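Printed here is final13.cif (mmCIF, C-alpha atoms):
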```cif
data_run
loop_
_atom_site.label_atom_id
_atom_site.label_comp_id
_atom_site.auth_asym_id
_atom_site.auth_seq_id
_atom_site.Cartn_x
_atom_site.Cartn_y
_atom_site.Cartn_z
CA MET J 1 72.06 -7.33 8.85
CA PRO J 2 73.71 -6.87 5.41
CA PHE J 3 75.82 -3.74 5.34
CA GLU J 4 73.87 -2.44 2.29
CA LEU J 5 70.64 -2.41 4.29
CA LEU J 6 72.36 -0.90 7.35
CA ILE J 7 73.78 1.97 5.32
CA GLY J 8 70.52 2.44 3.39
CA LEU J 9 68.57 2.82 6.66
CA ARG J 10 71.16 5.30 8.00
CA TYR J 11 70.83 7.41 4.84
CA LEU J 12 67.11 7.79 5.53
CA LYS J 13 68.06 9.92 8.52
CA ALA J 14 69.42 13.21 7.26
CA LYS J 15 72.11 15.18 9.01
CA ARG J 16 71.26 18.47 10.66
CA LYS J 17 72.57 20.45 7.69
CA SER J 18 70.47 18.30 5.28
CA THR J 19 67.06 18.46 6.92
CA PHE J 20 65.54 19.14 3.49
CA ILE J 21 66.27 15.57 2.41
CA SER J 22 64.46 14.24 5.47
CA ILE J 23 61.41 16.34 4.57
CA ILE J 24 61.44 15.03 0.98
CA THR J 25 61.66 11.46 2.29
CA PHE J 26 58.61 12.09 4.45
CA ILE J 27 56.70 13.62 1.53
CA SER J 28 57.58 10.66 -0.73
CA THR J 29 56.34 8.19 1.90
CA ALA J 30 53.15 10.23 2.37
CA GLY J 31 52.60 10.27 -1.41
CA VAL J 32 52.76 6.48 -1.65
CA MET J 33 50.48 6.18 1.37
CA LEU J 34 47.84 8.52 -0.09
CA GLY J 35 47.90 6.78 -3.46
CA VAL J 36 47.45 3.31 -1.95
CA MET J 37 44.77 4.57 0.45
CA ALA J 38 42.79 6.20 -2.39
CA LEU J 39 43.03 3.04 -4.52
CA ILE J 40 41.75 0.79 -1.72
CA VAL J 41 38.85 3.07 -0.79
CA VAL J 42 37.71 3.72 -4.37
CA LEU J 43 37.92 0.06 -5.43
CA ALA J 44 36.08 -0.98 -2.26
CA VAL J 45 33.27 1.46 -3.09
CA MET J 46 33.10 0.37 -6.74
CA THR J 47 33.06 -3.31 -5.75
CA GLY J 48 30.41 -2.59 -3.11
CA PHE J 49 28.22 -0.83 -5.67
CA GLU J 50 28.59 -3.72 -8.10
CA GLU J 51 27.82 -6.47 -5.59
CA ASP J 52 24.95 -4.58 -3.95
CA LEU J 53 23.42 -3.84 -7.33
CA LYS J 54 23.67 -7.53 -8.27
CA ASP J 55 21.94 -8.49 -5.00
CA LYS J 56 19.13 -5.99 -5.64
CA ILE J 57 18.67 -7.21 -9.22
CA LEU J 58 18.62 -10.87 -8.20
CA GLY J 59 16.36 -10.12 -5.25
CA THR J 60 13.65 -8.71 -7.52
CA ASN J 61 14.19 -10.52 -10.82
CA ALA J 62 14.60 -14.14 -11.79
CA HIS J 63 17.93 -15.60 -12.87
CA VAL J 64 16.63 -16.61 -16.32
CA VAL J 65 13.51 -15.43 -18.20
CA VAL J 66 11.94 -17.45 -21.04
CA VAL J 67 9.43 -15.73 -23.36
CA ARG J 68 7.71 -16.56 -26.62
CA ASN J 69 8.72 -14.49 -29.64
CA GLY J 70 6.02 -11.98 -30.55
CA ALA J 71 3.08 -13.67 -28.80
CA PRO J 72 1.78 -14.73 -25.37
CA MET J 73 2.77 -18.19 -24.12
CA GLU J 74 -0.24 -20.51 -24.34
CA ASP J 75 1.22 -23.87 -23.36
CA TYR J 76 3.17 -22.49 -20.41
CA HIS J 77 2.39 -25.47 -18.13
CA GLN J 78 4.14 -27.87 -20.53
CA VAL J 79 7.02 -25.43 -21.05
CA MET J 80 7.51 -25.15 -17.27
CA GLU J 81 7.76 -28.94 -17.02
CA LYS J 82 10.42 -29.00 -19.74
CA LEU J 83 12.39 -26.18 -18.11
CA MET J 84 12.40 -27.92 -14.73
CA GLY J 85 14.19 -30.80 -16.44
CA PHE J 86 17.26 -28.69 -17.21
CA LYS J 87 20.29 -29.20 -14.99
CA GLY J 88 20.66 -26.52 -12.32
CA VAL J 89 17.06 -25.22 -12.44
CA ILE J 90 15.56 -25.04 -8.94
CA ALA J 91 12.15 -23.46 -9.49
CA ALA J 92 9.96 -21.87 -12.19
CA THR J 93 7.03 -19.46 -12.13
CA PRO J 94 4.86 -17.84 -14.85
CA PHE J 95 4.46 -14.06 -15.11
CA ILE J 96 2.64 -11.36 -17.07
CA TYR J 97 4.35 -8.12 -17.96
CA ASN J 98 2.67 -4.96 -19.28
CA GLN J 99 2.71 -1.19 -18.96
CA VAL J 100 -0.17 0.67 -17.31
CA MET J 101 -0.94 3.86 -15.43
CA LEU J 102 -1.87 4.07 -11.75
CA SER J 103 -4.26 6.79 -10.68
CA SER J 104 -4.91 7.85 -7.10
CA GLY J 105 -6.84 11.07 -6.58
CA LYS J 106 -4.93 13.81 -8.39
CA ASN J 107 -1.71 11.79 -8.73
CA VAL J 108 -0.93 9.64 -11.78
CA SER J 109 2.14 7.55 -12.57
CA GLY J 110 3.16 5.21 -15.38
CA VAL J 111 4.37 1.83 -14.13
CA VAL J 112 5.17 -1.70 -15.21
CA LEU J 113 2.46 -4.07 -13.96
CA ARG J 114 3.49 -7.66 -13.30
CA GLY J 115 1.09 -10.50 -12.78
CA ILE J 116 2.61 -13.23 -10.59
CA ASP J 117 1.66 -16.61 -9.20
CA VAL J 118 2.06 -15.96 -5.47
CA THR J 119 2.73 -19.61 -4.59
CA THR J 120 5.56 -20.25 -7.05
CA ASP J 121 6.92 -16.68 -7.12
CA ARG J 122 8.15 -17.12 -3.53
CA LEU J 123 10.47 -19.87 -4.77
CA VAL J 124 11.96 -17.82 -7.61
CA THR J 125 12.22 -14.13 -6.59
CA GLY J 126 12.79 -12.33 -3.31
CA LEU J 127 9.71 -10.11 -3.60
CA SER J 128 8.01 -11.59 -0.51
CA LYS J 129 11.09 -10.70 1.60
CA SER J 130 10.94 -7.07 0.42
CA ILE J 131 7.44 -6.38 1.78
CA VAL J 132 7.64 -3.66 4.45
CA ASP J 133 3.90 -3.16 4.96
CA GLY J 134 0.97 -5.44 4.23
CA SER J 135 1.38 -8.94 2.79
CA ILE J 136 1.94 -10.59 -0.57
CA ASP J 137 -0.75 -13.17 0.39
CA ARG J 138 -3.40 -10.47 0.04
CA LEU J 139 -3.00 -10.48 -3.74
CA GLU J 140 -5.04 -13.67 -4.14
CA PRO J 141 -8.24 -12.92 -2.14
CA THR J 142 -10.17 -9.71 -2.60
CA MET J 143 -9.66 -7.02 0.03
CA GLY J 144 -12.68 -5.53 1.78
CA GLU J 145 -16.26 -6.75 2.12
CA GLY J 146 -19.40 -6.41 -0.01
CA ARG J 147 -19.28 -3.66 -2.58
CA ASP J 148 -15.89 -2.53 -1.26
CA ALA J 149 -14.28 -5.90 -2.08
CA LEU J 150 -11.44 -5.29 -4.57
CA PRO J 151 -8.46 -7.33 -5.81
CA GLY J 152 -5.09 -6.62 -4.19
CA LEU J 153 -2.10 -4.81 -5.66
CA LEU J 154 1.53 -4.36 -4.46
CA VAL J 155 3.41 -1.09 -5.04
CA GLY J 156 6.96 0.06 -4.35
CA LYS J 157 7.84 2.35 -1.48
CA GLU J 158 8.84 5.29 -3.70
CA LEU J 159 5.75 4.84 -5.88
CA ALA J 160 3.53 4.84 -2.78
CA LYS J 161 5.12 8.13 -1.69
CA HIS J 162 4.59 9.68 -5.11
CA LEU J 163 0.91 8.64 -5.27
CA ASN J 164 0.39 9.30 -1.54
CA ILE J 165 -1.21 5.91 -0.95
CA PHE J 166 -1.11 3.43 1.94
CA VAL J 167 -2.12 -0.17 2.54
CA GLY J 168 -5.91 -0.46 2.17
CA ASP J 169 -6.28 2.56 -0.13
CA LYS J 170 -8.17 2.29 -3.41
CA ILE J 171 -6.22 2.83 -6.63
CA ASN J 172 -7.21 2.65 -10.31
CA VAL J 173 -5.21 0.72 -12.90
CA ILE J 174 -5.56 2.14 -16.42
CA SER J 175 -4.49 0.29 -19.54
CA PRO J 176 -3.96 2.27 -22.78
CA MET J 177 -5.06 -0.83 -24.73
CA GLY J 178 -8.78 -0.48 -24.00
CA ASN J 179 -12.07 -1.16 -25.75
CA ILE J 180 -13.14 0.19 -29.15
CA THR J 181 -16.29 2.31 -28.92
CA PRO J 182 -18.15 4.60 -31.33
CA LEU J 183 -16.07 7.42 -29.83
CA GLY J 184 -12.82 5.60 -30.54
CA MET J 185 -10.41 3.66 -28.34
CA MET J 186 -11.34 4.03 -24.66
CA PRO J 187 -8.73 3.14 -22.03
CA LYS J 188 -9.62 0.23 -19.79
CA MET J 189 -9.76 0.99 -16.07
CA LYS J 190 -10.17 -1.27 -13.06
CA PRO J 191 -10.05 -0.43 -9.32
CA PHE J 192 -7.66 -2.28 -6.99
CA ARG J 193 -6.82 -1.99 -3.32
CA VAL J 194 -3.23 -1.64 -2.05
CA ALA J 195 -2.40 -4.98 -0.43
CA GLY J 196 1.22 -4.20 0.44
CA ILE J 197 4.23 -1.96 -0.06
CA PHE J 198 7.67 -3.38 -0.93
CA ASN J 199 11.14 -1.87 -0.68
CA THR J 200 13.86 -3.52 -2.78
CA GLY J 201 16.40 -0.76 -2.04
CA MET J 202 16.62 0.14 -5.76
CA PHE J 203 14.94 3.44 -6.55
CA GLU J 204 14.18 2.42 -10.15
CA TYR J 205 12.29 -0.70 -9.07
CA ASP J 206 10.54 0.89 -6.08
CA SER J 207 9.19 3.73 -8.21
CA THR J 208 8.13 1.93 -11.40
CA LEU J 209 6.89 -1.57 -10.44
CA ALA J 210 3.50 -2.85 -9.29
CA TYR J 211 2.30 -6.44 -8.81
CA VAL J 212 -1.10 -8.18 -9.03
CA SER J 213 -2.04 -11.86 -9.00
CA LEU J 214 -1.65 -13.83 -12.21
CA SER J 215 -5.40 -14.43 -12.57
CA GLN J 216 -6.20 -10.72 -12.15
CA ALA J 217 -3.60 -9.76 -14.77
CA GLN J 218 -4.99 -12.34 -17.22
CA SER J 219 -8.49 -10.99 -16.69
CA PHE J 220 -7.50 -7.31 -16.92
CA PHE J 221 -5.46 -7.71 -20.13
CA ASP J 222 -7.91 -10.24 -21.68
CA LEU J 223 -5.16 -12.86 -22.05
CA GLY J 224 -7.22 -15.93 -21.15
CA ASP J 225 -5.03 -18.81 -19.92
CA THR J 226 -1.79 -17.36 -21.34
CA VAL J 227 1.23 -15.63 -19.84
CA THR J 228 4.05 -13.38 -21.03
CA GLY J 229 6.79 -15.81 -20.01
CA ILE J 230 8.38 -17.99 -17.34
CA GLN J 231 10.96 -17.02 -14.71
CA LEU J 232 13.58 -19.49 -13.49
CA LYS J 233 15.74 -19.76 -10.40
CA VAL J 234 19.04 -21.64 -10.75
CA LYS J 235 21.75 -22.95 -8.42
CA ASP J 236 24.72 -21.05 -9.90
CA VAL J 237 23.86 -17.44 -10.79
CA TYR J 238 27.22 -16.90 -12.55
CA HIS J 239 26.68 -19.65 -15.16
CA THR J 240 23.19 -18.65 -16.28
CA GLY J 241 24.43 -17.73 -19.76
CA GLU J 242 25.21 -21.37 -20.54
CA LEU J 243 21.76 -22.43 -19.32
CA ALA J 244 20.03 -19.76 -21.44
CA ARG J 245 21.88 -20.94 -24.56
CA SER J 246 20.99 -24.55 -23.79
CA ILE J 247 17.29 -23.62 -23.42
CA ASN J 248 17.34 -21.74 -26.73
CA ARG J 249 18.82 -24.76 -28.52
CA THR J 250 16.34 -27.19 -26.95
CA LEU J 251 13.09 -25.20 -27.27
CA GLY J 252 13.87 -23.88 -30.75
CA GLY J 253 13.36 -20.48 -32.35
CA GLU J 254 9.80 -20.04 -31.06
CA TYR J 255 11.05 -19.31 -27.53
CA TYR J 256 13.82 -17.06 -26.32
CA ALA J 257 15.72 -17.28 -22.99
CA ARG J 258 17.77 -14.46 -21.45
CA ASP J 259 19.75 -14.52 -18.22
CA TRP J 260 19.98 -11.70 -15.66
CA MET J 261 23.46 -10.65 -16.83
CA GLN J 262 22.24 -10.19 -20.39
CA MET J 263 19.18 -8.22 -19.29
CA ASN J 264 21.35 -5.88 -17.15
CA ARG J 265 24.42 -6.01 -19.38
CA ASN J 266 24.80 -2.25 -19.86
CA ILE J 267 24.88 -1.26 -16.21
CA LEU J 268 27.08 -4.22 -15.18
CA PHE J 269 29.53 -3.44 -18.00
CA ALA J 270 29.57 0.25 -17.03
CA LEU J 271 30.39 -0.60 -13.40
CA LYS J 272 33.19 -2.96 -14.40
CA THR J 273 34.64 -0.42 -16.83
CA GLU J 274 34.51 2.34 -14.22
CA LYS J 275 36.36 0.13 -11.76
CA VAL J 276 39.18 -0.54 -14.23
CA VAL J 277 39.41 3.13 -15.27
CA MET J 278 39.49 4.32 -11.66
CA PHE J 279 42.29 1.84 -10.89
CA ILE J 280 44.33 3.18 -13.81
CA ILE J 281 43.71 6.83 -12.94
CA LEU J 282 44.47 6.45 -9.24
CA THR J 283 47.61 4.46 -10.00
CA LEU J 284 48.94 7.74 -11.40
CA ILE J 285 48.99 9.03 -7.81
CA VAL J 286 51.40 6.25 -6.92
CA LEU J 287 53.45 7.09 -10.03
CA VAL J 288 53.72 10.70 -8.89
CA ALA J 289 54.88 9.45 -5.49
CA ALA J 290 57.44 7.27 -7.31
CA PHE J 291 58.94 10.42 -8.86
CA GLY J 292 59.24 11.71 -5.31
CA ILE J 293 61.20 8.60 -4.35
CA ALA J 294 63.48 9.03 -7.37
CA SER J 295 64.06 12.71 -6.52
CA THR J 296 64.92 11.83 -2.93
CA LEU J 297 67.46 9.24 -4.05
CA PHE J 298 69.05 11.63 -6.55
CA MET J 299 69.56 14.18 -3.78
CA VAL J 300 70.94 11.55 -1.41
CA VAL J 301 73.38 10.36 -4.09
CA MET J 302 74.57 13.93 -4.66
CA GLU J 303 75.06 14.45 -0.93
CA LYS J 304 76.79 11.09 -0.36
CA ASN J 305 79.38 11.37 -3.15
CA ARG J 306 82.20 11.26 -0.61
CA ASP J 307 80.71 8.27 1.24
CA ILE J 308 80.24 6.34 -2.01
CA ALA J 309 83.84 7.01 -3.03
CA ILE J 310 85.15 5.84 0.36
CA LEU J 311 83.03 2.68 0.23
CA LYS J 312 84.33 1.87 -3.24
CA SER J 313 87.91 2.55 -2.11
CA MET J 314 87.38 0.09 0.74
CA GLY J 315 86.31 -2.63 -1.74
CA ALA J 316 82.55 -2.15 -2.15
CA THR J 317 81.37 -3.22 -5.60
CA GLY J 318 79.04 -1.33 -7.89
CA ASN J 319 76.28 -3.85 -7.15
CA SER J 320 76.64 -3.22 -3.42
CA ILE J 321 76.36 0.55 -3.93
CA MET J 322 73.31 0.00 -6.13
CA LYS J 323 71.74 -2.22 -3.46
CA ILE J 324 72.18 0.51 -0.83
CA PHE J 325 70.02 3.00 -2.73
CA VAL J 326 67.54 0.42 -4.02
CA LEU J 327 66.95 -0.74 -0.45
CA GLU J 328 66.61 2.86 0.73
CA GLY J 329 63.94 3.56 -1.88
CA MET J 330 62.21 0.25 -1.20
CA VAL J 331 61.96 1.09 2.50
CA ILE J 332 60.15 4.32 1.56
CA GLY J 333 57.85 2.40 -0.81
CA VAL J 334 57.08 -0.47 1.57
CA VAL J 335 56.46 1.80 4.57
CA GLY J 336 54.22 4.08 2.48
CA THR J 337 52.32 1.07 1.09
CA ALA J 338 51.83 -0.42 4.57
CA LEU J 339 50.53 2.88 5.96
CA GLY J 340 48.28 3.29 2.90
CA VAL J 341 46.82 -0.22 3.28
CA ALA J 342 46.14 0.33 6.99
CA SER J 343 44.49 3.74 6.51
CA GLY J 344 42.60 2.58 3.39
CA LEU J 345 41.12 -0.45 5.15
CA LEU J 346 40.21 1.70 8.16
CA ILE J 347 38.26 4.11 5.94
CA ALA J 348 36.72 1.39 3.73
CA PHE J 349 35.37 -0.56 6.71
CA ASN J 350 33.87 2.60 8.28
CA LEU J 351 32.81 4.45 5.14
CA GLU J 352 29.11 4.96 5.88
CA PRO J 353 29.68 6.63 9.31
CA ILE J 354 32.39 8.82 7.74
CA ILE J 355 30.09 9.86 4.87
CA ALA J 356 27.26 10.58 7.33
CA LEU J 357 29.59 12.74 9.43
CA ILE J 358 30.80 14.69 6.38
CA GLN J 359 27.22 15.26 5.21
CA LYS J 360 26.26 16.44 8.68
CA ILE J 361 29.16 18.89 8.82
CA THR J 362 28.72 20.26 5.28
CA GLY J 363 24.92 20.02 5.19
CA GLU J 364 25.12 18.63 1.64
CA ASN J 365 23.55 15.36 0.51
CA PHE J 366 25.86 14.33 -2.32
CA PHE J 367 24.56 10.75 -2.47
CA SER J 368 21.24 10.83 -4.33
CA LYS J 369 19.48 7.47 -4.47
CA ASP J 370 17.54 8.35 -7.63
CA ILE J 371 20.88 8.70 -9.44
CA TYR J 372 22.88 5.86 -7.90
CA TYR J 373 19.98 3.34 -7.73
CA LEU J 374 20.80 2.31 -4.14
CA ASP J 375 19.57 3.57 -0.78
CA HIS J 376 22.91 3.36 1.09
CA PHE J 377 26.66 3.73 0.51
CA PRO J 378 28.13 0.23 0.01
CA SER J 379 31.77 -0.69 0.55
CA LEU J 380 33.25 -4.14 0.02
CA VAL J 381 36.95 -4.89 0.47
CA VAL J 382 38.18 -7.73 -1.73
CA PRO J 383 41.47 -9.26 -0.44
CA SER J 384 42.74 -9.85 -3.99
CA ASP J 385 42.29 -6.13 -4.79
CA VAL J 386 44.30 -5.15 -1.69
CA VAL J 387 47.09 -7.56 -2.67
CA LEU J 388 47.10 -6.25 -6.27
CA ILE J 389 47.30 -2.63 -5.08
CA SER J 390 50.09 -3.41 -2.60
CA VAL J 391 52.17 -5.33 -5.14
CA THR J 392 51.65 -2.61 -7.78
CA ALA J 393 52.74 0.15 -5.38
CA VAL J 394 55.86 -1.76 -4.28
CA LEU J 395 56.81 -2.58 -7.89
CA ILE J 396 56.42 1.06 -8.96
CA SER J 397 58.57 2.12 -6.00
CA PHE J 398 61.20 -0.46 -6.97
CA VAL J 399 61.33 0.73 -10.58
CA ALA J 400 61.70 4.34 -9.38
CA THR J 401 64.87 3.42 -7.43
CA LEU J 402 66.72 1.73 -10.28
CA TYR J 403 68.06 4.73 -12.23
CA PRO J 404 69.33 6.78 -9.23
CA ALA J 405 70.90 3.64 -7.76
CA TRP J 406 72.52 2.79 -11.10
CA GLN J 407 73.96 6.30 -11.35
CA ALA J 408 75.45 5.92 -7.86
CA SER J 409 77.01 2.56 -8.74
CA ARG J 410 78.82 4.10 -11.77
CA MET J 411 80.49 6.84 -9.70
CA LEU J 412 84.33 6.80 -9.82
CA PRO J 413 86.13 7.29 -6.45
CA ALA J 414 88.78 9.56 -7.97
CA GLU J 415 86.18 11.90 -9.46
CA ALA J 416 84.22 12.05 -6.22
CA LEU J 417 87.28 12.77 -4.02
CA ARG J 418 89.05 15.19 -6.37
CA TYR J 419 87.76 18.29 -4.64
CA GLU J 420 87.59 16.91 -1.08
#
```

Go ahead and render the structure in this file as structure tokens.
Amino acid sequence: MPFELLIGLRYLKAKRKSTFISIITFISTAGVMLGVMALIVVLAVMTGFEEDLKDKILGTNAHVVVVRNGAPMEDYHQVMEKLMGFKGVIAATPFIYNQVMLSSGKNVSGVVLRGIDVTTDRLVTGLSKSIVDGSIDRLEPTMGEGRDALPGLLVGKELAKHLNIFVGDKINVISPMGNITPLGMMPKMKPFRVAGIFNTGMFEYDSTLAYVSLSQAQSFFDLGDTVTGIQLKVKDVYHTGELARSINRTLGGEYYARDWMQMNRNILFALKTEKVVMFIILTLIVLVAAFGIASTLFMVVMEKNRDIAILKSMGATGNSIMKIFVLEGMVIGVVGTALGVASGLLIAFNLEPIIALIQKITGENFFSKDIYYLDHFPSLVVPSDVVLISVTAVLISFVATLYPAWQASRMLPAEALRYE
């Protein structure tokens, strides 16, 4: 073992008369540990939110949506054939998109009504996998017999709770764009029967979306054989922007393609910005701990004046003295970082049980799904984030040791031993 490291490790242990230095060393190590732990846990939560939100968005929506500017799409069969010819496109399905009101008894709610082709929609979106009651296949045939036979409709779990409806219940769909009568514009209304209830895990989708078959939507909105647009599924979801631009160039200005990132740009950008800001803010905790390391080294240097002078008298160079205190500070930083990584990973991998325990003890539900979009508390540890945090903490600790160590290396033996 190099003598610089040996002496640096011995200086970490304070003498009986200098117990205060030992306490400061412990506090400095704990400060680095807490900073690293907080960084790992917060970044794991932010990454988990981002990835889970992406999964929810892609599970309900298509990767790319193609619409016609300002008008319904009449020749959608030919457009679908052209789109299937683009590289990376796996499947395509037409859809109709409009706003309506759902009425059930005394409860009314405004929703977005989507008309879908059940056969091809399975290949593009994950709606069929989100059904928790009923079946998506019931959209095509009418439900019931005789006079009670009605077309099927899918609603979200939260919307079903709000309207107090269940599978098999009758519900009225009301369109504000109705028929013109002598009394003025009369809303158009048509009864449907709940064919199924879906749960995407996103409160916004589960409370504002409803689905009917494509033919029923065309009939209800008097669209004939036209659709609002076409949804596409692609192989690589992270290169959809290039595909959308290629479609826009090929189809011309009459059609417009947007990918899922562009349609959800605001929320994805907000999540990414929050992650960066939280990293910067929580790094300040490690910086505060670095001041603790510097303070500890300053006190050790003041206490070890005599030892430094003797070492220099015996032939130790200024670089060797500097190494002693740099290594001492680095030991504090590395040990604190290691403890912080271990405790941070332990919390990040068991975050949901910990949150549930805290909520049970306090009786407070501080995770509201109507605010945070999701129905659980996600946590995802990214190895590159852990490495970045560890390297950052060690570098900050190293920088904090340089000035105290440099001051120790400049000490003159004669000055230090004058009053001994």

Got a sec: who's within 12 Å of region 333-346 of chain J, counting only C-alpha atoms, leaving out chain neighbours fewer than 5 positions off, as a PDB file with C-alpha atoms, in the frame of the given file?
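Result file follows (part.pdb):
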```
ATOM      1  CA  THR J  25      61.660  11.460   2.290  1.00  0.00           C
ATOM      2  CA  PHE J  26      58.610  12.090   4.450  1.00  0.00           C
ATOM      3  CA  ILE J  27      56.700  13.620   1.530  1.00  0.00           C
ATOM      4  CA  SER J  28      57.580  10.660  -0.730  1.00  0.00           C
ATOM      5  CA  THR J  29      56.340   8.190   1.900  1.00  0.00           C
ATOM      6  CA  ALA J  30      53.150  10.230   2.370  1.00  0.00           C
ATOM      7  CA  GLY J  31      52.600  10.270  -1.410  1.00  0.00           C
ATOM      8  CA  VAL J  32      52.760   6.480  -1.650  1.00  0.00           C
ATOM      9  CA  MET J  33      50.480   6.180   1.370  1.00  0.00           C
ATOM     10  CA  LEU J  34      47.840   8.520  -0.090  1.00  0.00           C
ATOM     11  CA  GLY J  35      47.900   6.780  -3.460  1.00  0.00           C
ATOM     12  CA  VAL J  36      47.450   3.310  -1.950  1.00  0.00           C
ATOM     13  CA  MET J  37      44.770   4.570   0.450  1.00  0.00           C
ATOM     14  CA  ALA J  38      42.790   6.200  -2.390  1.00  0.00           C
ATOM     15  CA  LEU J  39      43.030   3.040  -4.520  1.00  0.00           C
ATOM     16  CA  ILE J  40      41.750   0.790  -1.720  1.00  0.00           C
ATOM     17  CA  VAL J  41      38.850   3.070  -0.790  1.00  0.00           C
ATOM     18  CA  VAL J  42      37.710   3.720  -4.370  1.00  0.00           C
ATOM     19  CA  LEU J  43      37.920   0.060  -5.430  1.00  0.00           C
ATOM     20  CA  ALA J  44      36.080  -0.980  -2.260  1.00  0.00           C
ATOM     21  CA  VAL J  45      33.270   1.460  -3.090  1.00  0.00           C
ATOM     22  CA  VAL J 286      51.400   6.250  -6.920  1.00  0.00           C
ATOM     23  CA  LEU J 287      53.450   7.090 -10.030  1.00  0.00           C
ATOM     24  CA  ALA J 289      54.880   9.450  -5.490  1.00  0.00           C
ATOM     25  CA  ALA J 290      57.440   7.270  -7.310  1.00  0.00           C
ATOM     26  CA  PHE J 291      58.940  10.420  -8.860  1.00  0.00           C
ATOM     27  CA  GLY J 292      59.240  11.710  -5.310  1.00  0.00           C
ATOM     28  CA  ILE J 293      61.200   8.600  -4.350  1.00  0.00           C
ATOM     29  CA  ALA J 294      63.480   9.030  -7.370  1.00  0.00           C
ATOM     30  CA  THR J 296      64.920  11.830  -2.930  1.00  0.00           C
ATOM     31  CA  VAL J 326      67.540   0.420  -4.020  1.00  0.00           C
ATOM     32  CA  LEU J 327      66.950  -0.740  -0.450  1.00  0.00           C
ATOM     33  CA  GLU J 328      66.610   2.860   0.730  1.00  0.00           C
ATOM     34  CA  LEU J 351      32.810   4.450   5.140  1.00  0.00           C
ATOM     35  CA  GLU J 352      29.110   4.960   5.880  1.00  0.00           C
ATOM     36  CA  PRO J 353      29.680   6.630   9.310  1.00  0.00           C
ATOM     37  CA  ILE J 354      32.390   8.820   7.740  1.00  0.00           C
ATOM     38  CA  SER J 379      31.770  -0.690   0.550  1.00  0.00           C
ATOM     39  CA  LEU J 380      33.250  -4.140   0.020  1.00  0.00           C
ATOM     40  CA  VAL J 381      36.950  -4.890   0.470  1.00  0.00           C
ATOM     41  CA  VAL J 382      38.180  -7.730  -1.730  1.00  0.00           C
ATOM     42  CA  PRO J 383      41.470  -9.260  -0.440  1.00  0.00           C
ATOM     43  CA  ASP J 385      42.290  -6.130  -4.790  1.00  0.00           C
ATOM     44  CA  VAL J 386      44.300  -5.150  -1.690  1.00  0.00           C
ATOM     45  CA  VAL J 387      47.090  -7.560  -2.670  1.00  0.00           C
ATOM     46  CA  LEU J 388      47.100  -6.250  -6.270  1.00  0.00           C
ATOM     47  CA  ILE J 389      47.300  -2.630  -5.080  1.00  0.00           C
ATOM     48  CA  SER J 390      50.090  -3.410  -2.600  1.00  0.00           C
ATOM     49  CA  VAL J 391      52.170  -5.330  -5.140  1.00  0.00           C
ATOM     50  CA  THR J 392      51.650  -2.610  -7.780  1.00  0.00           C
ATOM     51  CA  ALA J 393      52.740   0.150  -5.380  1.00  0.00           C
ATOM     52  CA  VAL J 394      55.860  -1.760  -4.280  1.00  0.00           C
ATOM     53  CA  LEU J 395      56.810  -2.580  -7.890  1.00  0.00           C
ATOM     54  CA  ILE J 396      56.420   1.060  -8.960  1.00  0.00           C
ATOM     55  CA  SER J 397      58.570   2.120  -6.000  1.00  0.00           C
ATOM     56  CA  PHE J 398      61.200  -0.460  -6.970  1.00  0.00           C
ATOM     57  CA  VAL J 399      61.330   0.730 -10.580  1.00  0.00           C
ATOM     58  CA  ALA J 400      61.700   4.340  -9.380  1.00  0.00           C
ATOM     59  CA  THR J 401      64.870   3.420  -7.430  1.00  0.00           C
TER      60      THR J 401
END
```

Residues returned when the PyMOL selection byres ((chain J and resi 225) around 12) runs on this file, as a PyMOL selection string: chain J and resi 72-77+94-96+214-219+221-224+226-228

Given the selection you just returned, output its residues as a file containing C-alpha atoms, formatted as an mmCIF file, in the coordinates of the input.
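Here's the written file part.cif:
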```cif
data_model
loop_
_atom_site.group_PDB
_atom_site.id
_atom_site.type_symbol
_atom_site.label_atom_id
_atom_site.label_comp_id
_atom_site.auth_asym_id
_atom_site.auth_seq_id
_atom_site.Cartn_x
_atom_site.Cartn_y
_atom_site.Cartn_z
ATOM 1 C CA PRO J 72 1.780 -14.730 -25.370
ATOM 2 C CA MET J 73 2.770 -18.190 -24.120
ATOM 3 C CA GLU J 74 -0.240 -20.510 -24.340
ATOM 4 C CA ASP J 75 1.220 -23.870 -23.360
ATOM 5 C CA TYR J 76 3.170 -22.490 -20.410
ATOM 6 C CA HIS J 77 2.390 -25.470 -18.130
ATOM 7 C CA PRO J 94 4.860 -17.840 -14.850
ATOM 8 C CA PHE J 95 4.460 -14.060 -15.110
ATOM 9 C CA ILE J 96 2.640 -11.360 -17.070
ATOM 10 C CA LEU J 214 -1.650 -13.830 -12.210
ATOM 11 C CA SER J 215 -5.400 -14.430 -12.570
ATOM 12 C CA GLN J 216 -6.200 -10.720 -12.150
ATOM 13 C CA ALA J 217 -3.600 -9.760 -14.770
ATOM 14 C CA GLN J 218 -4.990 -12.340 -17.220
ATOM 15 C CA SER J 219 -8.490 -10.990 -16.690
ATOM 16 C CA PHE J 221 -5.460 -7.710 -20.130
ATOM 17 C CA ASP J 222 -7.910 -10.240 -21.680
ATOM 18 C CA LEU J 223 -5.160 -12.860 -22.050
ATOM 19 C CA GLY J 224 -7.220 -15.930 -21.150
ATOM 20 C CA THR J 226 -1.790 -17.360 -21.340
ATOM 21 C CA VAL J 227 1.230 -15.630 -19.840
ATOM 22 C CA THR J 228 4.050 -13.380 -21.030
#
```

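Using all atoms listed in the file, the smallest distance between any of J:Ala408, J:Val276, J:Leu357, J:Ile321 and Leu5 (chain J) comes from J:Ile321.
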